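Each remark here refers to the structure printed beneath this line.
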Amino acid sequence: MSQCAKCLMDSEVGGIEFNENGICNYCEEFDILINANPAGEKGQLLIDKVVGEMKTIGKNKSYDCVVGVSGGTDSTYLLYILKNLGLRPLAVHFDNGWNTEIAVSNIKNAVTILDIDLFTYVVNWEEFKDLQLSFLKASLPEVEIPTDMGIRAILYKIAVKEGVKHVISGNSFRAEGIVPQGWGYKDGKLLEGVQKIFGTQKLKTFPNLLLFKYLYYVYLRKIKIVRILNFMDYSKEEAKKLIIKELDWQDYGGHHFESIYTRFFQGYLAPVKFNMDRRKVTMSALVRLGKLDRDEALKLLTEEIYSPEMKKEDMQYISKKLGIGFDEFVGIIGAETKSFHEYPSYYPLMKKLTPILNWMNKKKILSGFFQTGKFSR
């Protein structure tokens, strides 16, 4: 197994390549993002500029922007930052039925202390449950696509309703790294296709984000996704200390462990079934920035983050909540892994359009139209 000479990414990671110095393509892309998204004084100038835009557009409106909240570190800290920048954000929570009590408490404490309005979208559980089962049966690495797509669609919809042009995201490539495309590709056609193959219900209420709707939001309504944390020297650990002190925030014990379903994905499905240890990605980012010693990071990778007891407890809870027997659930998650390439999606089309869209972005013809976010191309 080959391993990057600089970070923790290795040949087990899909799409990895190494240059003549043994440095992986994810490190190279990380450097590109660093140059394109400066922190420090330059980053603050860019933040001040977009904050000014939000305040101008938000004048005489109830809010300046909308922001998704989960009760996790990033979104809670983001609320604190936005409030201190003098903005009036509307916090939006996508309730998919899997919240822990800690997550609910964290959201409530943050919006109450900061005096921020909260809108909660509650899914149709029977429909959403069927959709989640479809993705488990599809055996795709990213079983969280229903939640991720639903969140994005609702944020766009609320932005249009409130007349704002900015959706604030809590993603930070400095803190989270660059996720390989095969670990998290998602689009509305893929979601729709998987449901048609494995589902038993039609998606009548679920807020999917098909291409025409995406074009409407981004091109016609000109709604931008703003990743403010990308322009800051963001430290998740320092953020935790601050929100614990200022917002009565409680730690939930692991990356995205604020949701029971996501905890099972991050703790077991991703690293064990799909051989996708997300810690390689996040710790690689810290190693590149000199915030974590590489040898220490390699040692941390060997530590257990999800106990057998928690795994068994979560599997029993999830199978019961999904309405299937434990043995059937074990059989579903034990099926052979698949790739999103095996299902219908917009990927072939987007691959062909990528050069054109990148050129249009560069010329600012469709600024913000093609955004890869934290995922590798």
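Following the order of the structure tokens, first chain is A, next is B, and so on, with residues numbered from 1 inside each chain and ligands from 1 in the order they appear.
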Counting only C-alpha atoms, what are the residues of region 58-175 of chain A within 12 Å of region 44-48 of chain A, and for each of them which pair of atoms is the nearest and at what distance in Å, to one decimal? Sort the table by chain and rising number, as a Markdown table.
```
| residue | atom | partner | partner_atom | distance |
| --- | --- | --- | --- | --- |
| A:Ile81 | CA | A:Ile47 | CA | 11.1 |
| A:Leu82 | CA | A:Ile47 | CA | 10.5 |
| A:Leu85 | CA | A:Asp48 | CA | 8.5 |
| A:Gly86 | CA | A:Asp48 | CA | 10.7 |
| A:Leu87 | CA | A:Asp48 | CA | 11.2 |
| A:Ile168 | CA | A:Ile47 | CA | 11.7 |
```
Could you make a table, as a tab-separated table, of the residues of region 216-243 of chain A that have an atom within 10 Å of an atom of region 149-159 of chain A, each with its nearest atom pair and distance in Å to one decimal, counting only C-alpha atoms, in chain and number order?
```
residue	atom	partner	partner_atom	distance
A:Tyr216	CA	A:Tyr156	CA	9.9
A:Tyr217	CA	A:Tyr156	CA	6.6
A:Val218	CA	A:Tyr156	CA	8.7
A:Arg221	CA	A:Ala159	CA	9.5
A:Ile223	CA	A:Tyr156	CA	7.4
A:Lys224	CA	A:Tyr156	CA	9.3
A:Ile225	CA	A:Tyr156	CA	9.4
```
So which one's closest to Gly323 (chain A), A:Asp64, A:Glu126, A:Glu238, A:Asp115? Using only C-alpha atoms, please.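 With only C-alpha atoms as the atom set, the closest residue is A:Glu126.
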Grab the CA of Gly182 (chain A) to CA of Asp277 (chain A) distance for me, in Å with one decimal place.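 CA of Asp277 (chain A) lies at a distance of 12.9 Å from CA of Gly182 (chain A).
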As a ChimeraX atom specification, please: every residue in region 113-351 of chain A that a backbone DSSP assignment puts in alpha helix (DSSP H). /A:113-114,125-138,145-162,173-176,188-198,211-215,236-247,260-264,278-288,294-300,308-322,326-333,347-351
Write out as a ChimeraX atom specification which residues come within 12 Å of region 105-107 of chain A when counting only C-alpha atoms, dropping same-chain ones fewer than 4 positions away. /A:68-80,91-95,99-101,111-120,240,243-244,246-252,258
Any chance you can output those residues with C-alpha atoms as a tab-separated table (two decimals), in the first residue's frame?
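Below is the file again_10.tsv, written as the result:
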```
chain	number	residue	atom	x	y	z
A	68	GLY	CA	-28.52	25.14	8.29
A	69	VAL	CA	-28.10	23.95	11.88
A	70	SER	CA	-27.69	20.43	13.24
A	71	GLY	CA	-26.56	20.96	16.83
A	72	GLY	CA	-23.02	20.03	15.82
A	73	THR	CA	-19.82	22.02	16.32
A	74	ASP	CA	-19.58	23.75	12.93
A	75	SER	CA	-23.15	24.98	12.56
A	76	THR	CA	-23.38	26.12	16.20
A	77	TYR	CA	-20.11	28.03	15.95
A	78	LEU	CA	-21.26	29.50	12.65
A	79	LEU	CA	-24.36	30.96	14.32
A	80	TYR	CA	-22.11	32.62	16.88
A	91	ALA	CA	-31.50	29.13	11.42
A	92	VAL	CA	-33.00	26.19	9.53
A	93	HIS	CA	-33.07	22.68	10.92
A	94	PHE	CA	-33.91	19.60	8.84
A	95	ASP	CA	-35.51	17.16	11.27
A	99	ASN	CA	-31.75	13.63	16.33
A	100	THR	CA	-30.20	12.83	19.69
A	101	GLU	CA	-31.43	14.74	22.73
A	111	VAL	CA	-30.79	30.12	19.05
A	112	THR	CA	-32.15	31.18	22.46
A	113	ILE	CA	-28.92	32.69	23.76
A	114	LEU	CA	-28.11	34.39	20.43
A	115	ASP	CA	-31.74	35.48	19.86
A	116	ILE	CA	-31.95	33.90	16.41
A	117	ASP	CA	-35.18	32.70	14.80
A	118	LEU	CA	-35.40	28.97	14.07
A	119	PHE	CA	-37.37	27.20	11.35
A	120	THR	CA	-37.61	23.42	11.62
A	240	LYS	CA	-15.85	23.69	20.79
A	243	ILE	CA	-19.51	27.37	22.21
A	244	ILE	CA	-19.33	25.28	25.40
A	246	GLU	CA	-20.86	30.89	25.47
A	247	LEU	CA	-23.77	28.74	24.25
A	248	ASP	CA	-24.07	25.89	26.79
A	249	TRP	CA	-23.13	23.45	24.03
A	250	GLN	CA	-22.63	19.75	24.86
A	251	ASP	CA	-20.14	17.48	23.12
A	252	TYR	CA	-21.73	14.42	21.50
A	258	GLU	CA	-25.15	14.27	16.91
```
Tell me which protein, DNA and RNA residues are within 12 Å of Asn208 (chain A), counting only C-alpha atoms, leaving out same-chain ones fewer than 4 positions away, and put them as a PyMOL selection string. chain A and resi 123+128+131+145-157+186-193+195+202-204+212-214
Residue contacts of region 288-293 of chain A (10 Å, only C-alpha atoms) excluding same-chain residues fewer than 6 positions away, as a PyMOL selection string: chain A and resi 6-8+27+30-31+174-175+177+233+235+299
Deliver the residues from the most recent selection as a file, using C-alpha atoms, as a PDB file, in the first residue's frame.
```pdb
ATOM      1  CA  LYS A   6       2.816  14.415   3.370  1.00  0.00           C
ATOM      2  CA  CYS A   7      -0.597  13.362   4.714  1.00  0.00           C
ATOM      3  CA  LEU A   8      -2.466  10.188   5.738  1.00  0.00           C
ATOM      4  CA  CYS A  27      -2.620  17.527  -1.027  1.00  0.00           C
ATOM      5  CA  PHE A  30      -5.729  21.334  -0.822  1.00  0.00           C
ATOM      6  CA  ASP A  31      -2.964  23.801  -1.749  1.00  0.00           C
ATOM      7  CA  ARG A 174      -9.225  23.446   6.506  1.00  0.00           C
ATOM      8  CA  ALA A 175     -10.936  21.503   9.281  1.00  0.00           C
ATOM      9  CA  GLY A 177     -10.196  18.188   4.363  1.00  0.00           C
ATOM     10  CA  ASP A 233      -8.100  29.865  10.385  1.00  0.00           C
ATOM     11  CA  SER A 235     -10.065  25.183  14.539  1.00  0.00           C
ATOM     12  CA  LYS A 299      -1.405   6.508  15.915  1.00  0.00           C
TER      13      LYS A 299
END
```
If you count only C-alpha atoms, the residue of A:Gly334, A:Pro141, A:Gly199, A:Gly163 closest to Gly184 (chain A) turns out to be A:Pro141
Out of A:Glu336, A:Asn21, A:Ala239, A:Met310, which residue has the shortest atom-to-atom distance to Arg263 (chain A) when counting only C-alpha atoms? A:Met310
